[in-house]
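*Asks:* Dropping the structure in here first, questions after.
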Amino acid sequence: MSADAPALPASGPIRRPDAATQWQLMWWRFRRHHMALIGLSVLGLLLLISVFAEFIAPYAPATRNTRYLAGPPMGLHIIAADGSVHAPFVHARANRRDPVTLRLLSVVDETRQWPIELFVRGDTYRMWGLFETNLHLFGAHGGFVHLFGTDNLGRDLFSRTMYATRVSLSVGLIGVAAAFVLGAIIGGIAGYFGGAIDVFVMRLIEFIRSIPTLPLWLSLSAALPRDWTSLQIYVAVTFLLALIGWTHLARTVRGKLLALREEDFVVAARLAGCTDARLIGRHLLPAFLSYLIVDLTISFPEILLAETSLSFLGLGLREPIESWGVLLYAGQNIRSLAHLPWLLIPGLFVIVAALAFNFVGDGMRDAADPYAK
């Protein structure tokens with residue numbers, strides 16, 4: 001080794017942008033976006049909740065607590081009334097009626113404590129539909145715990161929100177996946193072949209996007225038969241949202257293919273005997289896959305908010321399915337806003353999920369061009 005050669009660091013990874021792959025460059029760039037990392041952590045937490053909803057929820061979504069109807073959220077405490085420190089607990093609660101208004105009121109008994117225990121036995125459920133168990137993450141010994149309060153029927157809002165996270169995220173994921181397939185196929189055909197096909201597809205996209213979004217969702221959802229089962233409504237709403245959400249991705253794919261279809265590597269693949277389908281799927285689409293991922297990440301909140309809006313208006317998912325929009329449907333009247341404001345807590349999950357996806361999409365948009373300054 002020459003004496004003038006620079007000394008290598010003693011330890012630690014060596015980053016060489018000239019030797020890194022495209023995905024490594026994108027990850028290094030993405031890690032510099034702190035809000036995107038926070039959003040990714042939030043999405044990971046929501047995904048964890050959706051996978052283990054039965055275990056995290058202390059009660060089944062339909063379980064009623066007749067001793068705590070329309071009860072406000074119960075806070076966790078570690079300091080008792082006498083100033084002593086304890087393990088996490090909740091104060092004992094009971095319902096009584098106001099003698100004047102006859103409203104149910106929650107009475108807190110600070111002299112009694114219900115300790116919070118981990119891995120307790122409760123309502124029986126089938127985990128992932130594979131095995132039956134009654135183990136839950138936490139519960140109150142000797143009483144009950146409702147972190148988000150209860151509704152008019154005494155159902156635990158925290159448990160229902162955990163189950164709703166799974167349904168709302170699955171609607172978004174399935175809808176985005178279906179929109180991706182439609183957008184990639186239709187946009188790929190239009191951008192690769194051009195001509196009359198391109199003109200027809202572009203006019204179709206312009207027609208769909210010219211219709212106000214909310215009235216279009218409302219009209220399509222109102223056309224669903226009212227006697228359909230919950231599963232049929234779930235599938236129908238998911239694919240209705242995908243049927244409308246493919247247009248933006250199709251325009252992106254079409255524009256990229258128009259720019260790439262005359263490149264040298266495309267001509268070489270065509271001369272090598274590649275079919276049109278293989279040329280689009282194996283050569284053209286992977287050339288701008290990072291932009292497609294960014295587009296999907298940004299379009300997810302749109303489908304999520306669409307499902308929430310439809311369910312909130314009573315035209316999307318309906319009971320007994322739990323989704324964020326279905327839970328918010330119970331809090332759309334003035335009485336609920338005045339007396340049961342905690343019914344709007346699922347709306348915070350909608351806002352947090354939408355912001356998290358937007359932050360991640362913003363970070364991925366920057367990472368898609370790692371050479372930009």
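For the structure tokens, the naming scheme is as follows: chains receive sequential letters (A, B, ...) according to their order of presentation, residues are indexed from 1 within each chain, and ligands are indexed from 1 in presentation order.
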Can you list, as a VMD selection string, every protein, DNA or RNA residue that comes within 10 Å of segment 193-195 of chain A when you count only C-alpha atoms, leaving out same-chain residues fewer than 6 positions away?
*Replies:* chain A and resid 201 254 257 to 258 261 276
*Asks:* Restricting the output to C-alpha atoms, write the selected residues as a tab-separated table (two decimals), in the first residue's frame.
*Replies:*
chain	number	residue	atom	x	y	z
A	201	VAL	CA	-58.34	5.61	-22.13
A	254	ARG	CA	-49.07	6.05	-19.21
A	257	LEU	CA	-44.29	4.49	-20.72
A	258	LEU	CA	-44.59	7.20	-23.34
A	261	ARG	CA	-40.97	3.01	-24.92
A	276	ASP	CA	-45.53	-6.92	-25.42
*Asks:* Need to verify the contact set: Ala330 of chain A, 10 Å, only C-alpha atoms, exclusion of same-chain residues closer than 2 positions in sequence. Can you return it as a list in words?
*Replies:*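 Here the answer would be Asp151, Asn152, Phe312, Gly314, Gly325, Val326, Leu327, Leu328, Gln332, Asn333, Ser336, Leu337, Leu340, Leu343 and Leu344 of chain A.
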*Asks:* Let's have the selection written as an mmCIF file, in the first residue's frame, with C-alpha atoms.
*Replies:*
data_model
loop_
_atom_site.group_PDB
_atom_site.id
_atom_site.type_symbol
_atom_site.label_atom_id
_atom_site.label_comp_id
_atom_site.auth_asym_id
_atom_site.auth_seq_id
_atom_site.Cartn_x
_atom_site.Cartn_y
_atom_site.Cartn_z
ATOM 1 C CA ASP A 151 -71.341 3.556 23.833
ATOM 2 C CA ASN A 152 -75.058 3.637 24.593
ATOM 3 C CA PHE A 312 -69.995 7.665 8.409
ATOM 4 C CA GLY A 314 -74.376 5.094 6.457
ATOM 5 C CA GLY A 325 -66.300 5.016 9.757
ATOM 6 C CA VAL A 326 -68.888 2.669 11.283
ATOM 7 C CA LEU A 327 -67.824 3.709 14.785
ATOM 8 C CA LEU A 328 -68.000 7.386 13.842
ATOM 9 C CA GLN A 332 -72.833 12.088 14.009
ATOM 10 C CA ASN A 333 -75.768 13.653 15.913
ATOM 11 C CA SER A 336 -73.687 12.348 20.889
ATOM 12 C CA LEU A 337 -71.392 15.327 20.437
ATOM 13 C CA LEU A 340 -70.749 11.298 24.446
ATOM 14 C CA LEU A 343 -67.395 8.390 20.448
ATOM 15 C CA LEU A 344 -65.282 10.571 18.132
#
*Asks:* Which residues, written as an mmCIF file with C-alpha atoms, in the first residue's frame, have at least one atom at most 6 Å from segment 180-184 of chain A, with only C-alpha atoms counted and residues fewer than 4 positions away on the same chain left out?
*Replies:*
data_model
loop_
_atom_site.group_PDB
_atom_site.id
_atom_site.type_symbol
_atom_site.label_atom_id
_atom_site.label_comp_id
_atom_site.auth_asym_id
_atom_site.auth_seq_id
_atom_site.Cartn_x
_atom_site.Cartn_y
_atom_site.Cartn_z
ATOM 1 C CA VAL A 176 -54.973 0.126 -3.270
ATOM 2 C CA GLY A 188 -49.610 0.389 -19.509
ATOM 3 C CA TRP A 246 -57.136 3.723 -10.469
ATOM 4 C CA LEU A 249 -52.000 5.763 -11.249
ATOM 5 C CA ALA A 250 -53.008 4.966 -14.835
#
*Asks:* Please build the interface table for segment 130-185 of chain A against segment 116-123 of chain A with a cut-off of 9 Å, listing for each qualifying residue the nearest atom pair and the distance in Å to one decimal; count only C-alpha atoms, order rows by chain and increasing number, and write it as CSV.
*Replies:*
residue,atom,partner,partner_atom,distance
A:Thr133,CA,A:Asp123,CA,8.5
A:Asn134,CA,A:Gly122,CA,5.3
A:Leu135,CA,A:Arg121,CA,4.8
A:His136,CA,A:Phe119,CA,5.3
A:Leu137,CA,A:Phe119,CA,4.7
A:Phe138,CA,A:Leu118,CA,4.3
A:Gly139,CA,A:Glu117,CA,5.5
A:Ala140,CA,A:Ile116,CA,4.6
A:His141,CA,A:Ile116,CA,6.3
A:Val145,CA,A:Ile116,CA,8.2
*Asks:* Go through A:Tyr59, A:Trp128, A:Phe52, A:Trp114 and flag the residue nearest Ala80 of chain A, using only C-alpha atoms for the distances.
*Replies:* A:Trp114
*Asks:* Identify, with DSSP run on backbone atoms, the residues in segment 248-324 of chain A assigned to alpha helix (DSSP H), and express the list as a ChimeraX atom specification.
*Replies:* /A:248-260,264-271,276-278,285-287,289-312,324
*Asks:* Quick one: pull the distance between atom CA of Asn95 of chain A and atom CA of Gly71 of chain A, Å, one decimal.
*Replies:*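 Separation between atom CA of Asn95 of chain A and atom CA of Gly71 of chain A: 7.8 Å.
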*Asks:* Mind giving me the straight-line distance from atom CA of Ala53 of chain A to atom CA of Arg166 of chain A in Å, one decimal?
*Replies:*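 Those two atoms sit 7.2 Å apart.
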*Asks:* Got a sec: who's within 8 Å of segment 100-107 of chain A, counting only C-alpha atoms, leaving out chain neighbours fewer than 4 positions off, as a count of residues only?
*Replies:* 9
*Asks:* At what distance in Å, to one decimal, does atom CA of Ile334 of chain A lie from atom CA of Thr213 of chain A?
*Replies:*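 Separation between atom CA of Thr213 of chain A and atom CA of Ile334 of chain A: 26.6 Å.
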